[in-house]
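**Q** This one is structure-v6.cif, mmCIF, C-alpha atoms.
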```cif
data_target
#
loop_
_atom_site.label_atom_id
_atom_site.label_comp_id
_atom_site.auth_asym_id
_atom_site.auth_seq_id
_atom_site.Cartn_x
_atom_site.Cartn_y
_atom_site.Cartn_z
CA MET A 1 -126.88 -234.46 -3.87
CA LYS A 2 -125.97 -234.47 -7.54
CA LYS A 3 -122.48 -234.71 -9.03
CA VAL A 4 -121.48 -233.30 -12.41
CA THR A 5 -118.15 -234.49 -13.81
CA ILE A 6 -116.34 -232.76 -16.65
CA GLU A 7 -113.80 -235.29 -17.86
CA PRO A 8 -111.41 -234.54 -19.39
CA ILE A 9 -111.06 -230.79 -19.52
CA THR A 10 -110.43 -230.23 -23.21
CA ARG A 11 -108.52 -227.96 -25.56
CA LEU A 12 -105.47 -227.58 -23.37
CA GLU A 13 -102.18 -229.36 -22.73
CA GLY A 14 -102.32 -231.38 -19.52
CA GLU A 15 -104.91 -233.73 -18.18
CA ALA A 16 -107.50 -232.66 -15.64
CA LYS A 17 -111.13 -233.11 -14.64
CA ILE A 18 -113.65 -231.13 -12.61
CA ASP A 19 -116.14 -232.62 -10.14
CA ILE A 20 -119.03 -230.29 -9.25
CA PHE A 21 -121.31 -231.24 -6.34
CA LEU A 22 -124.81 -229.73 -6.30
CA ASN A 23 -126.95 -229.53 -3.15
CA ASP A 24 -130.65 -230.38 -2.98
CA GLU A 25 -131.58 -226.88 -4.16
CA GLY A 26 -129.44 -227.39 -7.24
CA ASN A 27 -126.79 -224.90 -6.16
CA VAL A 28 -123.08 -225.64 -6.20
CA ASP A 29 -122.01 -227.05 -2.83
CA ASN A 30 -118.39 -227.49 -3.86
CA ALA A 31 -116.29 -227.94 -6.99
CA TYR A 32 -112.95 -229.71 -7.33
CA PHE A 33 -110.37 -229.23 -10.03
CA GLN A 34 -108.23 -232.34 -10.21
CA VAL A 35 -105.00 -232.87 -12.12
CA VAL A 36 -105.03 -236.50 -13.18
CA GLU A 37 -101.46 -237.04 -14.31
CA LEU A 38 -97.91 -236.59 -13.11
CA ARG A 39 -94.75 -237.30 -15.04
CA GLY A 40 -92.06 -236.40 -12.51
CA PHE A 41 -89.64 -234.27 -14.57
CA GLU A 42 -88.52 -232.76 -11.24
CA ARG A 43 -87.13 -236.15 -10.28
CA PHE A 44 -85.97 -237.83 -13.46
CA CYS A 45 -84.06 -234.74 -14.64
CA GLN A 46 -81.80 -235.26 -11.62
CA GLY A 47 -78.59 -236.94 -12.76
CA ARG A 48 -78.92 -235.77 -16.37
CA PRO A 49 -76.24 -233.36 -17.69
CA VAL A 50 -77.25 -229.72 -17.36
CA GLU A 51 -76.58 -229.00 -21.03
CA GLU A 52 -79.19 -231.63 -21.96
CA MET A 53 -81.94 -229.85 -20.01
CA PRO A 54 -83.16 -227.61 -22.86
CA ARG A 55 -83.97 -230.67 -24.96
CA ILE A 56 -85.50 -232.64 -22.05
CA THR A 57 -87.57 -229.96 -20.30
CA SER A 58 -88.98 -228.64 -23.59
CA ARG A 59 -91.02 -231.89 -23.50
CA ILE A 60 -92.86 -230.66 -20.40
CA CYS A 61 -95.25 -228.91 -22.78
CA GLY A 62 -95.42 -229.24 -26.53
CA VAL A 63 -97.61 -226.15 -26.79
CA CYS A 64 -95.14 -223.85 -25.01
CA PRO A 65 -91.79 -225.70 -25.35
CA ALA A 66 -89.89 -222.45 -25.91
CA ALA A 67 -90.61 -221.24 -22.37
CA HIS A 68 -89.14 -224.41 -20.81
CA HIS A 69 -86.29 -224.43 -23.31
CA MET A 70 -85.31 -220.85 -22.41
CA ALA A 71 -85.74 -221.37 -18.64
CA SER A 72 -83.50 -224.44 -18.64
CA SER A 73 -80.97 -222.68 -20.88
CA ALA A 74 -80.79 -220.01 -18.18
CA SER A 75 -80.20 -222.67 -15.51
CA ASP A 76 -77.46 -224.13 -17.68
CA PHE A 77 -75.84 -220.71 -17.98
CA ILE A 78 -76.16 -220.01 -14.25
CA SER A 79 -74.71 -223.37 -13.24
CA ARG A 80 -71.61 -222.79 -15.34
CA TYR A 81 -70.81 -219.12 -14.91
CA VAL A 82 -72.15 -218.02 -11.52
CA MET B 1 -114.69 -236.29 -50.85
CA ASP B 2 -118.09 -237.47 -49.62
CA LYS B 3 -116.91 -240.56 -47.84
CA LYS B 4 -114.84 -239.95 -44.73
CA ILE B 5 -113.00 -242.17 -42.32
CA LYS B 6 -113.64 -241.87 -38.59
CA LEU B 7 -110.47 -240.68 -36.87
CA ALA B 8 -109.71 -240.60 -33.13
CA ILE B 9 -106.69 -239.03 -31.48
CA GLY B 10 -106.14 -240.17 -27.90
CA LEU B 11 -103.48 -239.31 -25.40
CA GLY B 12 -101.43 -240.85 -22.70
CA SER B 13 -98.86 -239.04 -20.59
CA THR B 14 -97.90 -236.42 -23.12
CA CYS B 15 -96.75 -232.87 -23.71
CA SER B 16 -99.27 -232.58 -26.60
CA GLY B 17 -96.45 -231.64 -28.95
CA CYS B 18 -97.84 -234.49 -31.06
CA ASP B 19 -101.16 -232.64 -31.35
CA ILE B 20 -99.23 -229.57 -32.43
CA ALA B 21 -97.36 -231.72 -34.99
CA ILE B 22 -100.76 -232.64 -36.51
CA LEU B 23 -101.85 -228.99 -36.53
CA ASP B 24 -98.47 -228.15 -38.12
CA LEU B 25 -99.85 -229.74 -41.30
CA ASN B 26 -100.89 -226.12 -41.83
CA GLU B 27 -103.09 -225.78 -44.92
CA LYS B 28 -103.01 -229.58 -45.36
CA ILE B 29 -105.10 -229.83 -42.19
CA LEU B 30 -107.95 -228.97 -44.60
CA VAL B 31 -107.10 -232.10 -46.59
CA LEU B 32 -107.24 -234.09 -43.36
CA ALA B 33 -110.60 -232.51 -42.55
CA SER B 34 -111.91 -233.49 -46.00
CA LEU B 35 -110.78 -237.11 -45.53
CA ALA B 36 -111.64 -237.69 -41.90
CA GLU B 37 -114.45 -237.12 -39.47
CA ILE B 38 -112.83 -236.59 -36.11
CA VAL B 39 -114.68 -238.53 -33.41
CA PHE B 40 -112.30 -237.99 -30.47
CA TRP B 41 -109.51 -235.44 -30.00
CA PRO B 42 -109.75 -233.82 -26.56
CA THR B 43 -106.65 -231.64 -26.97
CA ALA B 44 -108.11 -229.76 -29.91
CA MET B 45 -111.88 -230.22 -29.70
CA ASP B 46 -114.56 -230.61 -27.04
CA PHE B 47 -114.81 -234.39 -26.62
CA LYS B 48 -115.41 -236.11 -23.30
CA LEU B 49 -114.36 -239.57 -22.21
CA SER B 50 -118.04 -240.58 -22.32
CA ASP B 51 -118.10 -239.72 -26.06
CA LEU B 52 -115.37 -242.29 -26.64
CA GLU B 53 -117.08 -244.86 -24.40
CA ARG B 54 -120.28 -244.54 -26.44
CA ILE B 55 -118.57 -245.50 -29.72
CA GLY B 56 -119.11 -249.14 -30.73
CA LYS B 57 -116.56 -251.85 -31.46
CA ASN B 58 -114.51 -251.25 -34.64
CA GLU B 59 -116.53 -248.12 -35.46
CA ILE B 60 -113.41 -245.95 -35.58
CA ASP B 61 -111.35 -246.49 -38.73
CA ILE B 62 -107.99 -245.11 -37.59
CA SER B 63 -106.92 -244.02 -34.15
CA LEU B 64 -103.67 -242.32 -33.24
CA GLN B 65 -102.47 -242.41 -29.65
CA HIS B 66 -99.60 -240.32 -28.38
CA GLY B 67 -97.99 -240.25 -24.95
CA THR B 68 -96.46 -242.74 -22.55
CA ILE B 69 -98.79 -244.96 -20.49
CA ARG B 70 -98.29 -243.81 -16.89
CA THR B 71 -101.73 -244.03 -15.28
CA SER B 72 -104.69 -246.43 -15.05
CA GLU B 73 -106.83 -243.92 -16.96
CA GLN B 74 -104.36 -243.69 -19.85
CA GLU B 75 -104.26 -247.49 -20.01
CA HIS B 76 -108.09 -247.50 -20.04
CA ILE B 77 -108.14 -245.03 -22.98
CA ALA B 78 -105.59 -247.18 -24.87
CA HIS B 79 -107.79 -250.28 -24.41
CA LEU B 80 -110.94 -248.34 -25.42
CA LEU B 81 -109.30 -247.01 -28.59
CA ARG B 82 -107.97 -250.44 -29.50
CA GLU B 83 -111.34 -252.09 -29.05
CA LYS B 84 -113.15 -249.44 -31.08
CA SER B 85 -110.59 -249.00 -33.90
CA LYS B 86 -109.84 -250.99 -37.03
CA VAL B 87 -106.33 -249.51 -37.18
CA MET B 88 -104.27 -248.18 -34.31
CA ILE B 89 -101.15 -246.07 -34.81
CA ALA B 90 -98.59 -245.36 -32.10
CA PHE B 91 -97.96 -241.67 -32.77
CA GLY B 92 -94.78 -240.03 -31.51
CA SER B 93 -91.81 -241.35 -29.56
CA CYS B 94 -93.60 -241.65 -26.19
CA SER B 95 -96.21 -243.92 -27.68
CA CYS B 96 -93.76 -245.90 -29.85
CA PHE B 97 -90.95 -246.39 -27.30
CA GLY B 98 -91.90 -244.74 -23.99
CA GLY B 99 -90.24 -241.40 -24.76
CA ILE B 100 -88.91 -238.87 -22.29
CA PRO B 101 -91.60 -239.51 -19.63
CA GLY B 102 -90.29 -243.12 -19.76
CA LEU B 103 -87.14 -241.86 -17.99
CA CYS B 104 -89.33 -242.26 -14.88
CA ASN B 105 -88.15 -245.88 -14.98
CA LEU B 106 -84.86 -244.60 -13.55
CA THR B 107 -86.72 -243.66 -10.39
CA SER B 108 -89.93 -244.76 -8.65
CA ARG B 109 -93.38 -243.40 -7.87
CA GLU B 110 -92.41 -242.86 -4.21
CA GLU B 111 -89.25 -240.95 -5.15
CA ILE B 112 -91.20 -238.81 -7.62
CA PHE B 113 -93.79 -237.99 -4.92
CA GLU B 114 -90.96 -237.20 -2.48
CA THR B 115 -89.35 -234.74 -4.90
CA VAL B 116 -92.48 -233.18 -6.38
CA TYR B 117 -94.59 -232.87 -3.20
CA LYS B 118 -91.85 -232.33 -0.60
CA GLU B 119 -88.35 -231.41 -1.77
CA THR B 120 -88.83 -228.84 -4.54
CA PRO B 121 -88.04 -225.34 -3.18
CA SER B 122 -91.43 -223.95 -4.19
CA THR B 123 -93.40 -226.67 -2.35
CA VAL B 124 -94.96 -226.07 1.07
CA ASN B 125 -96.56 -229.35 2.14
CA PRO B 126 -95.70 -230.08 5.80
CA GLU B 127 -98.17 -232.97 6.01
CA PHE B 128 -96.66 -234.49 2.83
CA ILE B 129 -100.03 -234.90 1.11
CA THR B 130 -99.64 -236.93 -2.08
CA PRO B 131 -102.17 -237.98 -4.76
CA GLN B 132 -104.53 -240.74 -3.59
CA THR B 133 -106.77 -242.82 -5.85
CA GLU B 134 -109.76 -242.21 -3.52
CA ILE B 135 -110.42 -239.58 -0.86
CA THR B 136 -113.42 -238.07 0.89
CA GLN B 137 -113.28 -234.29 1.18
CA ASP B 138 -116.05 -232.43 3.07
CA GLY B 139 -118.31 -235.42 2.52
CA HIS B 140 -117.58 -235.59 -1.22
CA ASP B 141 -116.01 -238.73 -2.68
CA LEU B 142 -113.23 -237.93 -5.15
CA THR B 143 -111.14 -240.26 -7.27
CA LEU B 144 -107.90 -240.00 -9.22
CA PRO B 145 -106.35 -242.50 -11.64
CA GLU B 146 -103.55 -244.62 -10.23
CA LEU B 147 -100.06 -243.41 -11.13
CA TYR B 148 -98.01 -246.46 -12.12
CA ASP B 149 -94.48 -247.06 -10.98
CA ASP B 150 -93.36 -247.63 -14.59
CA GLY B 151 -93.80 -245.79 -17.85
CA LYS B 152 -94.80 -248.00 -20.77
CA ALA B 153 -94.93 -247.68 -24.54
CA LEU B 154 -98.30 -248.25 -26.26
CA PRO B 155 -97.33 -251.64 -27.83
CA GLN B 156 -96.59 -252.93 -24.32
CA ILE B 157 -100.27 -252.35 -23.48
CA VAL B 158 -102.23 -253.05 -26.69
CA ASP B 159 -101.70 -254.44 -30.19
CA VAL B 160 -100.42 -251.65 -32.46
CA ASP B 161 -100.69 -251.66 -36.27
CA TYR B 162 -98.33 -248.86 -37.31
CA TYR B 163 -95.71 -246.62 -35.80
CA LEU B 164 -95.05 -242.95 -36.52
CA PRO B 165 -92.02 -241.98 -34.41
CA GLY B 166 -90.41 -238.62 -33.68
CA CYS B 167 -90.43 -236.16 -30.82
CA PRO B 168 -92.46 -234.55 -32.21
CA PRO B 169 -93.07 -236.41 -35.50
CA ALA B 170 -91.74 -234.40 -38.45
CA VAL B 171 -94.49 -232.72 -40.48
CA GLU B 172 -93.33 -234.53 -43.64
CA LEU B 173 -93.99 -237.85 -41.84
CA VAL B 174 -97.40 -236.72 -40.57
CA GLU B 175 -98.21 -235.76 -44.19
CA ARG B 176 -97.57 -239.35 -45.20
CA LEU B 177 -100.73 -240.29 -43.31
CA LEU B 178 -102.84 -238.43 -45.89
CA PRO B 179 -102.20 -240.77 -48.87
CA ILE B 180 -102.58 -243.75 -46.52
CA ILE B 181 -106.05 -242.49 -45.55
CA THR B 182 -106.92 -241.73 -49.21
CA ASP B 183 -105.88 -245.25 -50.31
CA PHE B 184 -107.89 -246.74 -47.46
CA LEU B 185 -110.96 -244.75 -48.49
CA GLU B 186 -110.66 -245.56 -52.20
CA THR B 187 -109.44 -249.16 -52.18
CA GLY B 188 -109.78 -250.33 -48.58
CA GLU B 189 -106.08 -251.21 -48.68
CA LEU B 190 -103.61 -250.47 -45.94
CA PRO B 191 -99.82 -250.81 -45.56
CA PRO B 192 -98.54 -254.09 -44.05
CA LYS B 193 -99.00 -254.40 -40.28
CA GLY B 194 -95.98 -253.20 -38.34
CA THR B 195 -95.03 -250.54 -40.89
CA VAL B 196 -92.99 -247.69 -39.44
CA ILE B 197 -93.95 -244.46 -41.17
CA ALA B 198 -90.39 -243.09 -41.47
CA SER B 199 -87.14 -243.95 -43.23
CA ASP B 200 -85.82 -247.53 -43.10
CA LYS B 201 -82.23 -246.27 -42.93
CA THR B 202 -80.26 -244.77 -40.08
CA LEU B 203 -79.95 -241.05 -39.55
CA CYS B 204 -76.25 -241.33 -40.55
CA ASP B 205 -77.36 -242.50 -44.01
CA GLU B 206 -79.28 -239.23 -44.45
CA CYS B 207 -76.96 -236.91 -42.53
CA PRO B 208 -75.76 -233.86 -44.48
CA LEU B 209 -72.41 -233.81 -42.60
CA THR B 210 -69.26 -235.48 -43.93
CA LYS B 211 -67.90 -238.66 -42.41
CA GLU B 212 -64.14 -239.26 -42.63
CA ASN B 213 -64.09 -242.59 -40.78
CA LYS B 214 -61.93 -241.08 -38.09
CA MET B 215 -61.44 -242.75 -34.72
CA LEU B 216 -62.31 -241.06 -31.47
CA SER B 217 -59.97 -240.41 -28.53
CA LYS B 218 -61.75 -237.65 -26.66
CA ILE B 219 -65.42 -237.07 -26.04
CA PHE B 220 -66.64 -233.49 -25.70
CA ARG B 221 -69.82 -232.34 -24.05
CA PRO B 222 -71.68 -230.16 -26.58
CA HIS B 223 -70.75 -226.92 -24.81
CA GLU B 224 -67.03 -227.76 -24.64
CA ILE B 225 -66.38 -227.47 -28.37
CA ILE B 226 -67.39 -225.35 -31.33
CA PRO B 227 -67.96 -227.99 -33.99
CA ASP B 228 -66.85 -227.80 -37.59
CA PRO B 229 -70.25 -227.29 -39.32
CA LYS B 230 -69.34 -229.60 -42.19
CA ARG B 231 -67.90 -232.63 -40.37
CA CYS B 232 -69.62 -235.56 -38.61
CA LEU B 233 -70.32 -234.53 -35.02
CA LEU B 234 -69.52 -237.97 -33.60
CA GLU B 235 -66.12 -237.98 -35.32
CA GLN B 236 -65.47 -234.59 -33.74
CA GLY B 237 -66.06 -236.18 -30.34
CA ILE B 238 -69.65 -235.07 -29.73
CA LEU B 239 -71.91 -238.01 -28.82
CA CYS B 240 -74.50 -238.25 -31.57
CA MET B 241 -77.10 -241.04 -31.70
CA GLY B 242 -77.17 -241.04 -35.52
CA PRO B 243 -75.65 -244.53 -36.02
CA ALA B 244 -78.33 -246.13 -33.80
CA THR B 245 -81.30 -244.01 -34.87
CA ARG B 246 -83.86 -244.29 -37.65
CA GLY B 247 -83.86 -241.49 -40.20
CA GLY B 248 -86.80 -239.63 -41.69
CA CYS B 249 -86.82 -236.72 -39.26
CA GLY B 250 -85.27 -234.36 -41.80
CA SER B 251 -82.04 -234.16 -39.71
CA ARG B 252 -83.61 -231.30 -37.75
CA CYS B 253 -81.15 -231.37 -34.84
CA ILE B 254 -78.10 -231.90 -37.08
CA ASN B 255 -79.13 -228.93 -39.24
CA ALA B 256 -78.96 -226.82 -36.07
CA LEU B 257 -75.55 -228.43 -35.34
CA MET B 258 -76.94 -230.24 -32.32
CA PRO B 259 -76.19 -233.97 -31.98
CA CYS B 260 -79.01 -236.48 -32.43
CA ARG B 261 -80.58 -237.79 -29.23
CA GLY B 262 -82.39 -240.67 -30.86
CA CYS B 263 -86.06 -239.65 -30.83
CA MET B 264 -86.85 -241.70 -33.96
CA GLY B 265 -85.91 -244.92 -32.16
CA PRO B 266 -83.90 -247.80 -33.63
CA THR B 267 -84.06 -249.18 -37.17
CA ALA B 268 -86.01 -252.38 -37.87
CA GLU B 269 -83.07 -254.75 -37.44
CA VAL B 270 -82.07 -253.32 -34.05
CA LYS B 271 -83.80 -254.52 -30.89
CA ASP B 272 -82.17 -252.17 -28.38
CA GLN B 273 -81.20 -248.67 -29.49
CA GLY B 274 -78.87 -247.94 -26.55
CA ALA B 275 -77.00 -251.22 -26.94
CA LYS B 276 -76.53 -250.47 -30.65
CA MET B 277 -75.10 -247.04 -29.80
CA ILE B 278 -72.75 -248.52 -27.19
CA SER B 279 -71.53 -250.97 -29.82
CA ALA B 280 -71.06 -248.12 -32.34
CA ILE B 281 -68.99 -246.13 -29.84
CA ALA B 282 -66.97 -249.18 -28.81
CA SER B 283 -65.88 -249.60 -32.43
CA ILE B 284 -64.44 -246.07 -32.72
CA LEU B 285 -63.45 -244.90 -29.21
CA GLY B 286 -59.75 -245.31 -28.48
CA VAL B 287 -59.39 -248.29 -30.82
CA GLU B 288 -56.17 -247.02 -32.44
CA ASN B 289 -54.09 -247.84 -29.37
CA GLU B 290 -56.58 -250.14 -27.66
CA LYS B 291 -54.03 -252.94 -27.17
CA ASP B 292 -51.67 -250.67 -25.21
CA LEU B 293 -54.35 -249.31 -22.87
CA SER B 294 -54.54 -250.49 -19.28
CA GLU B 295 -57.94 -251.19 -17.71
CA ASP B 296 -57.68 -247.88 -15.83
CA GLU B 297 -57.06 -245.99 -19.06
CA VAL B 298 -60.05 -247.67 -20.72
CA GLU B 299 -62.11 -246.76 -17.66
CA LYS B 300 -60.99 -243.12 -18.04
CA LEU B 301 -62.03 -243.08 -21.68
CA LEU B 302 -65.48 -244.37 -20.76
CA GLU B 303 -65.82 -241.92 -17.87
CA GLN B 304 -65.95 -239.17 -20.48
CA ILE B 305 -69.45 -240.37 -21.34
CA LYS B 306 -71.68 -238.52 -18.93
CA ASP B 307 -75.04 -240.12 -18.13
CA PRO B 308 -74.89 -243.09 -20.56
CA VAL B 309 -78.41 -244.36 -19.75
CA GLY B 310 -80.02 -240.92 -20.10
CA THR B 311 -78.19 -240.33 -23.39
CA PHE B 312 -78.41 -243.72 -25.11
CA TYR B 313 -81.94 -244.47 -23.90
CA ARG B 314 -83.29 -240.90 -23.87
CA PHE B 315 -86.45 -241.92 -25.77
CA THR B 316 -86.50 -245.73 -25.58
CA LEU B 317 -85.90 -246.80 -21.97
CA PRO B 318 -89.29 -248.53 -21.46
CA VAL B 319 -88.74 -250.79 -24.50
CA ALA B 320 -85.04 -251.49 -23.76
CA LEU B 321 -83.85 -254.99 -22.84
CA ILE B 322 -83.09 -253.66 -19.35
CA ASN B 323 -85.90 -251.19 -18.96
CA ARG B 324 -85.82 -249.89 -15.43
CA ARG B 325 -83.59 -249.30 -12.45
CA ILE B 326 -83.53 -252.41 -10.32
CA LYS B 327 -85.55 -251.74 -7.21
CA GLU B 328 -84.04 -252.27 -3.82
CA GLY B 329 -84.96 -255.72 -2.57
CA SER B 330 -86.18 -256.96 -5.95
CA LEU B 331 -83.19 -259.34 -6.31
CA LYS B 332 -83.87 -261.10 -3.01
#
```
Step by step, read the file and then write its structure as structure tokens.
**A**
Amino acid sequence: MKKVTIEPITRLEGEAKIDIFLNDEGNVDNAYFQVVELRGFERFCQGRPVEEMPRITSRICGVCPAAHHMASSASDFISRYV
Amino acid sequence: MDKKIKLAIGLGSTCSGCDIAILDLNEKILVLASLAEIVFWPTAMDFKLSDLERIGKNEIDISLQHGTIRTSEQEHIAHLLREKSKVMIAFGSCSCFGGIPGLCNLTSREEIFETVYKETPSTVNPEFITPQTEITQDGHDLTLPELYDDGKALPQIVDVDYYLPGCPPAVELVERLLPIITDFLETGELPPKGTVIASDKTLCDECPLTKENKMLSKIFRPHEIIPDPKRCLLEQGILCMGPATRGGCGSRCINALMPCRGCMGPTAEVKDQGAKMISAIASILGVENEKDLSEDEVEKLLEQIKDPVGTFYRFTLPVALINRRIKEGSLK
């Protein structure tokens, strides 16, 4: 059995690799997409003031910070007015 | 220019906003392309880890690394880049000081796994499966890098020559790399080791707002007050990290009337950015009638500061004098 590893997956934000296992005929037996990092925003945002979230969660992704900025602004709004 | 330097851009635990900051050179990216042959930059081009491993010792002229060091693989990349590079630059706040992912030092790997793979509302994981460094799945052996308990800044892992802070680094600071590369190509000369490619002054020294040397009696959270757009935010009671933070960022947050959160790190003479900020606040908060205040009243004043560690050490916790939450049992 042969293994082909693509490491890292490039031209995107986030770190991942793919392991492809080939059987004796050279066909794909199985392929695994693996995410090789974790930062833990879900945990370390706990205990931070809600109004700080837009400027913390925008660092989840520097390619699409606006999406995280807007989503956390909405959570800020909801927590205060609903 | 015919002669080019070899440039590598590696990453740790990062949002890749630093890569975007390099691309934000806009048309000057063409100048960079004329000065440098890029030999590793997986975020923007198709390089594999094996490409980096194949490069010989000191064959890379300048390498930039952004991101916090959180995993064994990121540490491996940092060591590879160091070994293969003549000059290594810590690029961005995560690399220079640990950055926002460094806030993981307020928690632990187990707690992060617990939250991410069990508690979050969108997670269904009854067997509580968490990342393992090695598993066998359907007869296939799979490996993952080890996630460390701590986040670390690049200089805590390898020897770093220069620092380019900012979250993300301001384009005008990234541009300053271009003449450094040109000088290196033409004369072989480089700035002194340890140079921080930013201002040597504090943000307050560059701040466009007016300081009136007023004392502080009440602290407002940013949403509790509409600030006067001409006056110092700190003197209006909004916690602003300006006094403890290096300038050079172009006062981006201040220009949007948002208080500084310290992404440029401390100035050269300051060892611990958070401690410097605490000292700055202590010299203006409630000092007018300090002598008449009881301990309880002082306590009340301080209680107005929500989340001191997350505010004063937002970007520098891993390099702080006290750089992580003390673990249960570690004092025994």
**Q** Any idea what's packed within 6 Å of Thr71 in chain B, counting only C-alpha atoms, ignoring anything in its chain fewer than 6 positions away? Could you give it as an mmCIF file with C-alpha atoms, in the coordinates of the input?
**A**
```cif
data_model
loop_
_atom_site.group_PDB
_atom_site.id
_atom_site.type_symbol
_atom_site.label_atom_id
_atom_site.label_comp_id
_atom_site.auth_asym_id
_atom_site.auth_seq_id
_atom_site.Cartn_x
_atom_site.Cartn_y
_atom_site.Cartn_z
ATOM 1 C CA GLU B 146 -103.550 -244.620 -10.230
ATOM 2 C CA LEU B 147 -100.060 -243.410 -11.130
ATOM 3 C CA TYR B 148 -98.010 -246.460 -12.120
#
```
**Q** What is the distance, in Å and to one decimal place, between CA of Tyr163 in chain B and CA of Cys96 in chain B?
**A**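 Between CA of Tyr163 in chain B and CA of Cys96 in chain B the gap is 6.3 Å.
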**Q** Return as a PyMOL selection string the residues belonging to chain A that are within 7 Å of chain B, counting all atoms listed in the file.
**A** chain A and resi 7-8+10-13+36+39-40+42-44+48-49+59-63
**Q** Between B:Ser283, B:Gln273, B:Ser34, B:Ser294, which has the minimum distance to Leu178 in chain B (counting only C-alpha atoms)?
**A**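 That would be B:Ser34, the residue with the smallest distance to Leu178 in chain B.
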**Q** Please provide the set of residues having any atom within 9 Å of Tyr32 in chain A, restricted to only C-alpha atoms, with same-chain residues fewer than 4 positions apart removed, written as an MDAnalysis selection string.
**A** (chainID A and resid 17:21) or (chainID B and resid 142)
**Q** CA of Ile56 in chain A to CA of Ile78 in chain A: how many Å, to one decimal?
**A**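 For CA of Ile56 in chain A relative to CA of Ile78 in chain A, the distance reads 17.5 Å.
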**Q** Write out as number ranges by chain which residues come within 10 Å of Phe40 in chain B when counting all atoms listed in the file, dropping same-chain ones fewer than 6 positions away.
**A** B: 6-10, 46-49, 51-52, 55, 60, 63, 81
**Q** Grab the CA of Thr136 in chain B to CA of His76 in chain B distance for me, in Å with one decimal place.
**A** 23.6 Å
**Q** Have a look at A:Lys2, A:Asn30, A:Asp76, A:Ala71 and name the one nearest to Glu52 in chain A; count only C-alpha atoms.
**A**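 With only C-alpha atoms as the atom set, the closest residue is A:Asp76.
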**Q** Just checking: using all atoms listed in the file, which residue out of B:Ala33, B:Ala268, B:Ala78, B:Leu234 ends up closest to Thr210 in chain B?
**A**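 Nearest to Thr210 in chain B: B:Leu234.
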